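Enquirer: Structure file coords-v2.pdb (PDB, C-alpha atoms) right here:
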```pdb
ATOM      1  CA  MET Z 294       7.745 146.767  96.999
ATOM      2  CA  ALA Z 295       5.904 150.045  97.575
ATOM      3  CA  TRP Z 296       7.941 150.536 100.742
ATOM      4  CA  THR Z 297      11.293 150.343  98.943
ATOM      5  CA  GLU Z 298      10.110 152.721  96.211
ATOM      6  CA  ARG Z 299       8.913 155.247  98.791
ATOM      7  CA  HIS Z 300      12.297 155.198 100.479
ATOM      8  CA  ALA Z 301      14.019 155.628  97.111
ATOM      9  CA  LEU Z 302      11.882 158.678  96.293
ATOM     10  CA  ALA Z 303      12.689 160.159  99.696
ATOM     11  CA  TRP Z 304      16.372 159.552  98.946
ATOM     12  CA  ALA Z 305      16.030 161.361  95.612
ATOM     13  CA  ASP Z 306      14.407 164.222  97.517
ATOM     14  CA  SER Z 307      17.417 164.324  99.894
ATOM     15  CA  PHE Z 308      15.214 163.271 102.789
ATOM     16  CA  ASP Z 309      15.929 160.395 105.162
ATOM     17  CA  ILE Z 310      12.437 159.152 105.874
ATOM     18  CA  PRO Z 311      11.961 157.856 109.447
ATOM     19  CA  ALA Z 312      10.590 154.391 110.124
ATOM     20  CA  ASP Z 313       7.274 155.684 111.474
ATOM     21  CA  ALA Z 314       6.643 158.133 108.623
ATOM     22  CA  LEU Z 315       4.892 155.496 106.514
ATOM     23  CA  VAL Z 316       1.911 153.585 107.834
ATOM     24  CA  PHE Z 317      -0.445 150.936 106.504
ATOM     25  CA  ASP Z 318      -4.178 151.497 106.650
ATOM     26  CA  LYS Z 319      -6.737 148.801 107.476
ATOM     27  CA  ARG Z 320      -6.807 147.726 103.829
ATOM     28  CA  GLY Z 321      -3.051 147.187 103.792
ATOM     29  CA  ARG Z 322      -2.305 150.234 101.631
ATOM     30  CA  LEU Z 323       0.818 152.271 102.297
ATOM     31  CA  ARG Z 324       0.031 155.789 103.495
ATOM     32  CA  SER Z 325       2.157 158.785 104.424
ATOM     33  CA  GLY Z 326       2.251 159.731 108.081
ATOM     34  CA  ASP Z 327       2.769 163.153 109.622
ATOM     35  CA  TYR Z 328       6.545 162.756 109.541
ATOM     36  CA  ASP Z 329       6.767 162.086 105.810
ATOM     37  CA  LEU Z 330       8.164 165.354 104.433
ATOM     38  CA  THR Z 331       8.835 164.086 100.912
ATOM     39  CA  HIS Z 332       7.785 166.570  98.236
ATOM     40  CA  CYS Z 333       4.946 165.561  95.892
ATOM     41  CA  LYS Z 334       4.023 162.620  98.132
ATOM     42  CA  ASP Z 335       0.355 162.897  97.101
ATOM     43  CA  ALA Z 336       1.294 161.893  93.549
ATOM     44  CA  ILE Z 337       3.000 158.647  94.555
ATOM     45  CA  GLY Z 338       0.829 155.798  93.344
ATOM     46  CA  ALA Z 339      -1.854 158.216  92.104
ATOM     47  CA  PRO Z 340      -2.982 157.958  88.456
ATOM     48  CA  ILE Z 341      -2.853 160.772  85.905
ATOM     49  CA  SER Z 342      -3.324 160.678  82.143
ATOM     50  CA  ARG Z 343      -0.655 161.573  79.616
ATOM     51  CA  ARG Z 344      -2.911 164.294  78.287
ATOM     52  CA  ALA Z 345      -3.080 165.895  81.723
ATOM     53  CA  LEU Z 346       0.697 165.698  82.078
ATOM     54  CA  LEU Z 347       1.283 167.753  78.939
ATOM     55  CA  GLU Z 348      -1.888 169.770  78.396
ATOM     56  CA  GLU Z 349      -3.424 170.463  81.823
ATOM     57  CA  PRO Z 350      -0.917 172.424  83.955
ATOM     58  CA  GLU Z 351      -3.378 173.090  86.774
ATOM     59  CA  GLN Z 352      -4.315 169.409  86.988
ATOM     60  CA  LEU Z 353      -0.639 168.463  86.896
ATOM     61  CA  LEU Z 354       0.125 170.900  89.713
ATOM     62  CA  ALA Z 355      -2.766 169.529  91.770
ATOM     63  CA  TRP Z 356      -1.522 165.973  91.149
ATOM     64  CA  LEU Z 357       1.917 166.950  92.418
ATOM     65  CA  GLY Z 358       0.450 168.335  95.616
ATOM     66  CA  GLY Z 359      -0.832 171.779  94.730
ATOM     67  CA  GLU Z 360       0.429 174.497  97.019
ATOM     68  CA  ARG Z 361       2.717 172.116  98.894
ATOM     69  CA  ALA Z 362       4.479 171.165  95.656
ATOM     70  CA  GLY Z 363       4.896 174.751  94.513
ATOM     71  CA  ALA Z 364       5.884 176.218  97.855
ATOM     72  CA  GLY Z 365       8.838 178.091  96.394
ATOM     73  CA  PRO Z 366       9.200 181.855  96.005
ATOM     74  CA  ASP Z 367       6.991 182.040  92.910
ATOM     75  CA  SER Z 368       3.265 182.536  93.091
ATOM     76  CA  ARG Z 369       0.837 179.873  91.936
ATOM     77  CA  TRP Z 370       0.249 181.761  88.687
ATOM     78  CA  GLU Z 371       3.962 181.942  87.961
ATOM     79  CA  THR Z 372       4.247 178.231  88.710
ATOM     80  CA  ILE Z 373       1.474 177.481  86.210
ATOM     81  CA  GLN Z 374       3.259 179.598  83.604
ATOM     82  CA  ALA Z 375       6.510 177.736  84.266
ATOM     83  CA  ILE Z 376       4.722 174.407  83.804
ATOM     84  CA  GLU Z 377       3.238 175.672  80.520
ATOM     85  CA  THR Z 378       6.741 176.580  79.339
ATOM     86  CA  TRP Z 379       7.878 173.038  80.134
ATOM     87  CA  SER Z 380       4.836 171.644  78.295
ATOM     88  CA  ARG Z 381       5.651 173.602  75.135
ATOM     89  CA  ALA Z 382       9.249 172.420  75.249
ATOM     90  CA  SER Z 383       8.050 168.849  75.789
ATOM     91  CA  THR Z 384       5.716 168.820  72.804
ATOM     92  CA  ALA Z 385       8.597 170.068  70.641
ATOM     93  CA  LEU Z 386      10.685 166.989  71.442
ATOM     94  CA  PRO Z 387      11.253 164.529  68.563
ATOM     95  CA  PRO Z 388       9.281 161.247  68.513
ATOM     96  CA  ALA Z 389      10.596 158.459  70.725
ATOM     97  CA  PRO Z 390       9.424 155.222  72.374
ATOM     98  CA  PRO Z 391       7.654 155.769  75.717
ATOM     99  CA  LEU Z 392      10.632 154.792  77.874
ATOM    100  CA  LEU Z 393      12.982 157.181  76.085
ATOM    101  CA  MET Z 394      10.362 159.925  76.023
ATOM    102  CA  ALA Z 395       9.913 159.504  79.771
ATOM    103  CA  ALA Z 396      13.643 160.090  80.257
ATOM    104  CA  ARG Z 397      13.488 163.240  78.124
ATOM    105  CA  LEU Z 398      10.437 164.626  79.908
ATOM    106  CA  SER Z 399      12.031 163.970  83.280
ATOM    107  CA  SER Z 400      15.324 165.605  82.314
ATOM    108  CA  LEU Z 401      13.514 168.574  80.804
ATOM    109  CA  TRP Z 402      11.478 169.067  83.988
ATOM    110  CA  ARG Z 403      14.625 169.216  86.118
ATOM    111  CA  ARG Z 404      16.107 171.738  83.711
ATOM    112  CA  HIS Z 405      13.050 174.031  83.893
ATOM    113  CA  ALA Z 406      12.320 173.353  87.614
ATOM    114  CA  PRO Z 407       8.799 174.865  87.524
ATOM    115  CA  LEU Z 408       7.993 174.215  91.195
ATOM    116  CA  GLY Z 409      11.025 175.751  92.835
ATOM    117  CA  ARG Z 410      11.057 172.937  95.407
ATOM    118  CA  GLY Z 411      10.809 169.196  94.969
ATOM    119  CA  ASP Z 412      11.466 169.284  91.226
ATOM    120  CA  VAL Z 413      13.808 166.285  91.345
ATOM    121  CA  VAL Z 414      11.224 163.918  92.788
ATOM    122  CA  ALA Z 415       8.518 165.507  90.600
ATOM    123  CA  SER Z 416      10.591 164.772  87.495
ATOM    124  CA  LEU Z 417      10.878 161.107  88.470
ATOM    125  CA  LEU Z 418       7.142 160.814  89.094
ATOM    126  CA  ILE Z 419       6.284 162.456  85.767
ATOM    127  CA  GLY Z 420       8.627 160.165  83.859
ATOM    128  CA  ASP Z 421       7.244 157.163  85.699
ATOM    129  CA  ARG Z 422       3.622 158.026  84.891
ATOM    130  CA  TRP Z 423       4.512 158.497  81.239
ATOM    131  CA  SER Z 424       5.915 154.980  80.941
ATOM    132  CA  MET Z 425       6.365 152.279  83.622
ATOM    133  CA  GLY Z 426       3.780 153.732  85.982
ATOM    134  CA  ARG Z 427       1.017 152.950  83.512
ATOM    135  CA  GLN Z 428       1.475 149.306  84.525
ATOM    136  CA  PRO Z 429       1.100 147.741  88.004
ATOM    137  CA  GLY Z 430       4.871 147.240  88.334
ATOM    138  CA  SER Z 431       5.671 150.720  89.658
ATOM    139  CA  GLN Z 432       4.219 152.978  92.334
ATOM    140  CA  GLY Z 433       6.238 155.911  91.034
ATOM    141  CA  GLY Z 434       9.646 155.078  92.459
ATOM    142  CA  LEU Z 435      10.985 152.303  90.224
ATOM    143  CA  VAL Z 436      13.474 154.619  88.494
ATOM    144  CA  ALA Z 437      14.376 156.291  91.787
ATOM    145  CA  LEU Z 438      15.156 152.855  93.201
ATOM    146  CA  GLY Z 439      17.364 152.093  90.208
ATOM    147  CA  MET Z 440      19.115 155.467  90.393
ATOM    148  CA  ARG Z 441      19.802 154.867  94.061
ATOM    149  CA  HIS Z 442      21.526 151.582  93.243
ATOM    150  CA  ASN Z 443      23.347 152.713  90.099
ATOM    151  CA  GLY Z 444      24.424 156.206  91.122
ATOM    152  CA  GLY Z 445      25.798 158.549  88.461
ATOM    153  CA  ARG Z 446      25.120 162.185  87.609
ATOM    154  CA  TRP Z 447      21.503 161.553  86.667
ATOM    155  CA  LYS Z 448      20.199 164.791  88.195
ATOM    156  CA  THR Z 449      22.170 166.948  85.762
ATOM    157  CA  ALA Z 450      22.549 164.598  82.795
ATOM    158  CA  SER Z 451      20.874 165.389  79.479
ATOM    159  CA  GLY Z 452      20.583 163.941  75.989
ATOM    160  CA  GLU Z 453      21.745 160.390  75.385
ATOM    161  CA  GLU Z 454      23.456 160.237  78.770
ATOM    162  CA  ALA Z 455      20.166 160.926  80.566
ATOM    163  CA  GLU Z 456      18.384 158.330  78.433
ATOM    164  CA  HIS Z 457      21.045 155.710  79.137
ATOM    165  CA  LEU Z 458      20.929 156.380  82.883
ATOM    166  CA  TRP Z 459      17.123 156.254  82.847
ATOM    167  CA  LEU Z 460      16.962 152.910  81.043
ATOM    168  CA  GLY Z 461      19.670 151.500  83.287
ATOM    169  CA  ALA Z 462      17.729 152.642  86.349
ATOM    170  CA  ILE Z 463      14.568 150.906  85.120
ATOM    171  CA  ARG Z 464      16.484 147.679  84.859
ATOM    172  CA  ALA Z 465      18.244 148.119  88.204
ATOM    173  CA  GLY Z 466      14.967 148.958  89.943
ATOM    174  CA  ALA Z 467      13.246 145.916  88.471
ATOM    175  CA  MET Z 468      16.170 143.707  89.478
ATOM    176  CA  ALA Z 469      16.063 145.144  93.008
ATOM    177  CA  HIS Z 470      12.389 144.202  93.242
ATOM    178  CA  LEU Z 471      13.140 140.728  91.897
ATOM    179  CA  GLU Z 472      16.036 140.218  94.298
ATOM    180  CA  LEU Z 473      13.899 141.319  97.236
ATOM    181  CA  GLU Z 474      11.110 138.965  96.198
ATOM    182  CA  ASN Z 475      13.587 136.084  95.946
ATOM    183  CA  ARG Z 476      14.830 136.851  99.443
ATOM    184  CA  LEU Z 477      11.273 136.945 100.747
ATOM    185  CA  ARG Z 478      10.547 133.576  99.147
ATOM    186  CA  ALA Z 479      13.673 132.086 100.712
ATOM    187  CA  PHE Z 480      12.698 133.506 104.089
ATOM    188  CA  ALA Z 481       9.201 132.058 103.681
ATOM    189  CA  MET Z 482      10.771 128.611 103.231
ATOM    190  CA  ARG Z 483      12.724 129.149 106.438
ATOM    191  CA  VAL Z 484       9.501 130.033 108.242
ATOM    192  CA  ARG Z 485       7.853 126.924 106.843
ATOM    193  CA  HIS Z 486      10.607 124.700 108.234
ATOM    194  CA  VAL Z 487      10.140 126.251 111.677
ATOM    195  CA  LEU Z 488       6.383 125.712 111.532
ATOM    196  CA  VAL Z 489       6.852 122.073 110.515
ATOM    197  CA  ARG Z 490       9.351 121.514 113.323
ATOM    198  CA  ARG Z 491       7.052 123.007 115.938
ATOM    199  CA  ARG Z 492       4.240 120.597 116.696
ATOM    200  CA  ARG Z 493       1.965 123.349 117.954
ATOM    201  CA  SER Z 494       2.657 126.503 115.996
ATOM    202  CA  GLY Z 495      -0.635 128.188 116.889
ATOM    203  CA  GLN Z 496      -0.923 131.509 115.088
ATOM    204  CA  LEU Z 497       2.787 131.786 114.377
ATOM    205  CA  GLY Z 498       2.218 131.299 110.655
ATOM    206  CA  GLU Z 499      -0.353 134.088 110.547
ATOM    207  CA  LEU Z 500       2.030 136.338 112.463
ATOM    208  CA  MET Z 501       4.871 135.734 110.018
ATOM    209  CA  ALA Z 502       2.642 136.332 107.000
ATOM    210  CA  PHE Z 503       1.651 139.624 108.605
ATOM    211  CA  ALA Z 504       5.280 140.534 109.370
ATOM    212  CA  MET Z 505       6.299 139.924 105.750
ATOM    213  CA  GLU Z 506       3.682 142.417 104.582
ATOM    214  CA  ARG Z 507       5.015 145.287 106.689
ATOM    215  CA  PRO Z 508       8.426 146.727 107.496
ATOM    216  CA  LEU Z 509       7.685 146.975 111.238
ATOM    217  CA  ILE Z 510       5.046 145.507 113.546
ATOM    218  CA  ASN Z 511       4.247 145.811 117.246
ATOM    219  CA  SER Z 512       2.049 143.978 119.724
ATOM    220  CA  SER Z 513      -0.943 146.244 119.059
ATOM    221  CA  ASP Z 514      -0.751 145.505 115.328
ATOM    222  CA  VAL Z 515      -0.549 141.777 116.008
ATOM    223  CA  ALA Z 516      -3.443 141.834 118.473
ATOM    224  CA  GLN Z 517      -5.626 143.639 115.961
ATOM    225  CA  ARG Z 518      -4.646 141.285 113.140
ATOM    226  CA  THR Z 519      -4.951 137.972 115.016
ATOM    227  CA  GLY Z 520      -7.656 138.753 117.560
ATOM    228  CA  LEU Z 521      -5.349 137.862 120.448
ATOM    229  CA  THR Z 522      -5.144 139.807 123.663
ATOM    230  CA  HIS Z 523      -2.275 142.232 124.081
ATOM    231  CA  ALA Z 524      -0.494 139.753 126.349
ATOM    232  CA  GLY Z 525      -1.059 136.960 123.837
ATOM    233  CA  ALA Z 526       0.361 139.096 121.040
ATOM    234  CA  ILE Z 527       3.478 139.849 123.097
ATOM    235  CA  LYS Z 528       3.975 136.147 123.776
ATOM    236  CA  LEU Z 529       3.564 135.284 120.093
ATOM    237  CA  LEU Z 530       6.128 137.923 119.129
ATOM    238  CA  SER Z 531       8.520 136.524 121.739
ATOM    239  CA  ILE Z 532       8.193 133.033 120.252
ATOM    240  CA  ALA Z 533       8.977 134.346 116.765
ATOM    241  CA  HIS Z 534      11.915 136.325 118.165
ATOM    242  CA  ASP Z 535      13.318 133.284 119.989
ATOM    243  CA  GLU Z 536      13.056 131.250 116.776
ATOM    244  CA  GLY Z 537      15.102 133.890 114.949
ATOM    245  CA  LEU Z 538      12.193 134.802 112.677
ATOM    246  CA  LEU Z 539      11.890 138.372 113.968
ATOM    247  CA  ILE Z 540      14.369 140.919 115.267
ATOM    248  CA  GLU Z 541      13.568 143.612 117.810
ATOM    249  CA  THR Z 542      14.497 147.019 116.385
ATOM    250  CA  THR Z 543      13.952 149.503 119.219
ATOM    251  CA  GLY Z 544      16.006 148.115 122.114
ATOM    252  CA  GLN Z 545      13.299 149.262 124.512
ATOM    253  CA  ALA Z 546      11.634 147.430 127.363
ATOM    254  CA  SER Z 547       8.199 148.464 126.114
ATOM    255  CA  TYR Z 548       6.590 149.657 122.878
ATOM    256  CA  ARG Z 549       8.842 147.290 120.987
ATOM    257  CA  ARG Z 550       8.815 146.955 117.230
ATOM    258  CA  TYR Z 551       9.813 143.915 115.258
ATOM    259  CA  ALA Z 552      10.914 143.232 111.700
ATOM    260  CA  ILE Z 553      11.885 140.189 109.703
ATOM    261  CA  PRO Z 554      15.696 139.721 109.443
ATOM    262  CA  LEU Z 555      15.893 140.769 105.813
ATOM    263  CA  SER Z 556      17.954 143.570 104.289
ATOM    264  CA  GLU Z 557      17.474 145.376 100.991
ATOM    265  CA  PRO Z 558      19.559 144.206  98.005
ATOM    266  CA  GLN Z 559      22.958 145.873  97.903
ATOM    267  CA  SER Z 560      24.086 147.956  94.952
ATOM    268  CA  ALA Z 561      27.140 145.782  94.292
ATOM    269  CA  THR Z 562      24.980 142.680  93.857
ATOM    270  CA  LEU Z 563      22.723 144.372  91.328
ATOM    271  CA  VAL Z 564      25.615 145.892  89.396
ATOM    272  CA  GLU Z 565      27.256 142.471  89.092
ATOM    273  CA  GLN Z 566      23.987 140.988  87.829
ATOM    274  CA  GLN Z 567      23.635 143.750  85.246
ATOM    275  CA  ARG Z 568      27.175 143.239  83.982
ATOM    276  CA  SER Z 569      26.441 139.583  83.297
ATOM    277  CA  GLN Z 570      23.818 140.486  80.689
ATOM    278  CA  PRO Z 571      23.696 143.112  77.927
ATOM    279  CA  MET Z 572      21.149 145.857  78.454
ATOM    280  CA  PHE Z 573      19.715 145.598  74.946
ATOM    281  CA  ALA Z 574      19.626 142.828  72.388
ATOM    282  CA  GLU Z 575      20.258 145.443  69.693
ATOM    283  CA  PRO Z 576      20.695 149.231  69.621
ATOM    284  CA  LEU Z 577      17.710 151.537  69.760
ATOM    285  CA  GLY Z 578      17.668 153.152  66.332
ATOM    286  CA  GLU Z 579      15.734 155.759  64.466
ATOM    287  CA  VAL Z 580      13.438 153.151  62.925
ATOM    288  CA  GLU Z 581      12.111 152.157  66.348
ATOM    289  CA  ALA Z 582      11.576 155.788  67.282
ATOM    290  CA  LYS Z 583       9.530 156.353  64.125
ATOM    291  CA  ASN Z 584       7.366 153.362  64.990
ATOM    292  CA  HIS Z 585       6.494 154.947  68.357
ATOM    293  CA  PRO Z 586       5.175 158.462  67.647
ATOM    294  CA  PHE Z 587       5.085 161.014  70.435
ATOM    295  CA  GLN Z 588       1.310 161.430  70.367
ATOM    296  CA  GLU Z 589      -0.137 158.160  71.624
ATOM    297  CA  PRO Z 590      -3.702 157.235  72.628
ATOM    298  CA  PHE Z 591      -4.559 158.556  76.078
TER     299      PHE Z 591
END
```
Would you write out, as structure tokens, the structure that this file holds?
Expert:
Amino acid sequence: MAWTERHALAWADSFDIPADALVFDKRGRLRSGDYDLTHCKDAIGAPISRRALLEEPEQLLAWLGGERAGAGPDSRWETIQAIETWSRASTALPPAPPLLMAARLSSLWRRHAPLGRGDVVASLLIGDRWSMGRQPGSQGGLVALGMRHNGGRWKTASGEEAEHLWLGAIRAGAMAHLELENRLRAFAMRVRHVLVRRRRSGQLGELMAFAMERPLINSSDVAQRTGLTHAGAIKLLSIAHDEGLLIETTGQASYRRYAIPLSEPQSATLVEQQRSQPMFAEPLGEVEAKNHPFQEPF
């Protein structure tokens, strides 16, 4: 899930992230490689309090990547002043539930553009950390994933249009995650049938569990994970490839990389699913907004 959100944030930043730009550390956590040029990448998945978002401009700038985030023509001091201007405008917004307030804060950030560079992806991360990102369901790119599927003029929208697009993107992003999980579960059943059919599956099951955790794997990764020799890892990958459980992505004779034959959910599928259900059971009215004041416990 973190992988798809990272790609969505790179898309929002107008950057086509290469396959080897994201790597997994020994603990299985997704990390940015040297070729990940996405702005504000240090903030992805990193916590920050609501108080810091609105009242601590220097901490907010550091969270967004410090000098790398504000690498525009303005000096650091001018960037801090621009963030303070956004903060004052944000605190003047009328009360709203967290999801709607996140949409307003995000839209307002894009309008002020305090950083000079990377403000689009920064606005998505700020909105995420104000609302969905306070729960385990988002690494910072849930809305970006939804915007990527839904489209629309979300970068320039304001007012009710921006709020509607934001809420729709939350739903589309969540549905994209759900659809991907369903596909992974179906693929896992396919793997199980292959393992049952093969009388001696060896470490094929462990290999496939490993492959489903990562977008790409190679023989070195497999050898390190399973304890096999390099030759043994290559043979195990060949067995999975011959069974149709892995596809080779490089087309090279050596240094091959493999992935499970699974594509991301398409926009048309998600749009059709959204049309089958209303977005809200009832309209969001002023009464609900009054029940969710702007100043909440931090």
Enquirer: Using only C-alpha atoms, pick whichever of Z:Ala295, Z:Leu346, Z:Ala301, Z:Leu408 has the shortest atom-to-atom distance to Met440 in chain Z.
Expert: Z:Ala301
Enquirer: By how many Å are CA of Glu348 in chain Z and CA of Ala382 in chain Z apart?
Expert: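 Value for the CA of Glu348 in chain Z-CA of Ala382 in chain Z distance: 11.9 Å.
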Enquirer: Could you check which of Z:Leu438, Z:Ala415, Z:Ala533, Z:Leu538 is closest to Ser399 in chain Z, using only C-alpha atoms?
Expert: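 Once distances to Ser399 in chain Z are computed over only C-alpha atoms, the minimum belongs to Z:Ala415.
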Enquirer: Could you tell me which residues the PyMOL selection byres ((chain Z and resi 502) around 12) grabs in this file, written as a count of residues only?
Expert: 28
Enquirer: Which distance in Å separates CA of Glu472 in chain Z and CA of Gly338 in chain Z, to one decimal?
Expert: 21.8 Å
Enquirer: By how many Å are CA of Trp379 in chain Z and CA of Pro350 in chain Z apart?
Expert: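 Interatomic distance, CA of Trp379 in chain Z to CA of Pro350 in chain Z: 9.6 Å.
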Enquirer: Find the spatial neighbours of Ser451 in chain Z, counting only C-alpha atoms, within a cut-off of 12 Å - ignore same-chain residues fewer than 5 positions away - and output them as a count of residues only.
Expert: 15
Enquirer: Pick the closest to Asp421 in chain Z from Z:Gly445, Z:Gly495, Z:Gly409, Z:Pro391: which is it, counting all atoms listed in the file?
Expert: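 Residue with the minimum atom-to-atom distance to Asp421 in chain Z: Z:Pro391.
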Enquirer: Given 5 Å on each side, where is the centre and what are the edge lengths in Å to one decimal of the axis-aligned box enclosing the listed atoms of range 298-305 of chain Z, as lines of an AutoDock Vina configuration file?
Expert:
```
center_x = 12.6
center_y = 157.0
center_z = 98.0
size_x = 17.5
size_y = 18.6
size_z = 14.9
```
Enquirer: Rank Z:Thr331, Z:Thr449, Z:Asn475, Z:Gln428 by their smallest atom-to-atom distance to Arg410 in chain Z, using only C-alpha atoms, and report the top residue only.
Expert: Z:Thr331
Enquirer: Hey, which of Z:Ala455, Z:Ala467, Z:Gly420, Z:Asn511 ends up closest to Gly439 in chain Z? Count only C-alpha atoms.
Expert: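 Answer, going by the shortest atom-to-atom distance: Z:Ala467.
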Enquirer: Please provide the set of residues having any atom within 10 Å of Arg550 in chain Z, restricted to only C-alpha atoms, with same-chain residues fewer than 2 positions apart removed, written as a PyMOL selection string.
Expert: chain Z and resi 508-514+530+539-545+547-548+552
Enquirer: Expand the PyMOL selection byres ((chain Z and resi 355) around 12) into the explicit residue set it covers here, and present it as a list of chain:residue names.
Expert: Z:Cys333, Z:Lys334, Z:Asp335, Z:Ala336, Z:Ala339, Z:Ile341, Z:Ala345, Z:Leu346, Z:Glu349, Z:Pro350, Z:Glu351, Z:Gln352, Z:Leu353, Z:Leu354, Z:Trp356, Z:Leu357, Z:Gly358, Z:Gly359, Z:Glu360, Z:Arg361, Z:Ala362, Z:Gly363, Z:Arg369, Z:Thr372, Z:Ile373, Z:Ile376, Z:Leu408
Enquirer: Name the closest residue to Leu418 in chain Z among the candidates Z:Pro340, Z:Gly433, Z:Gly525, Z:Gly444; distances are taken between atoms, counting only C-alpha atoms.
Expert: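 Under the stated criterion, the closest residue is Z:Gly433.
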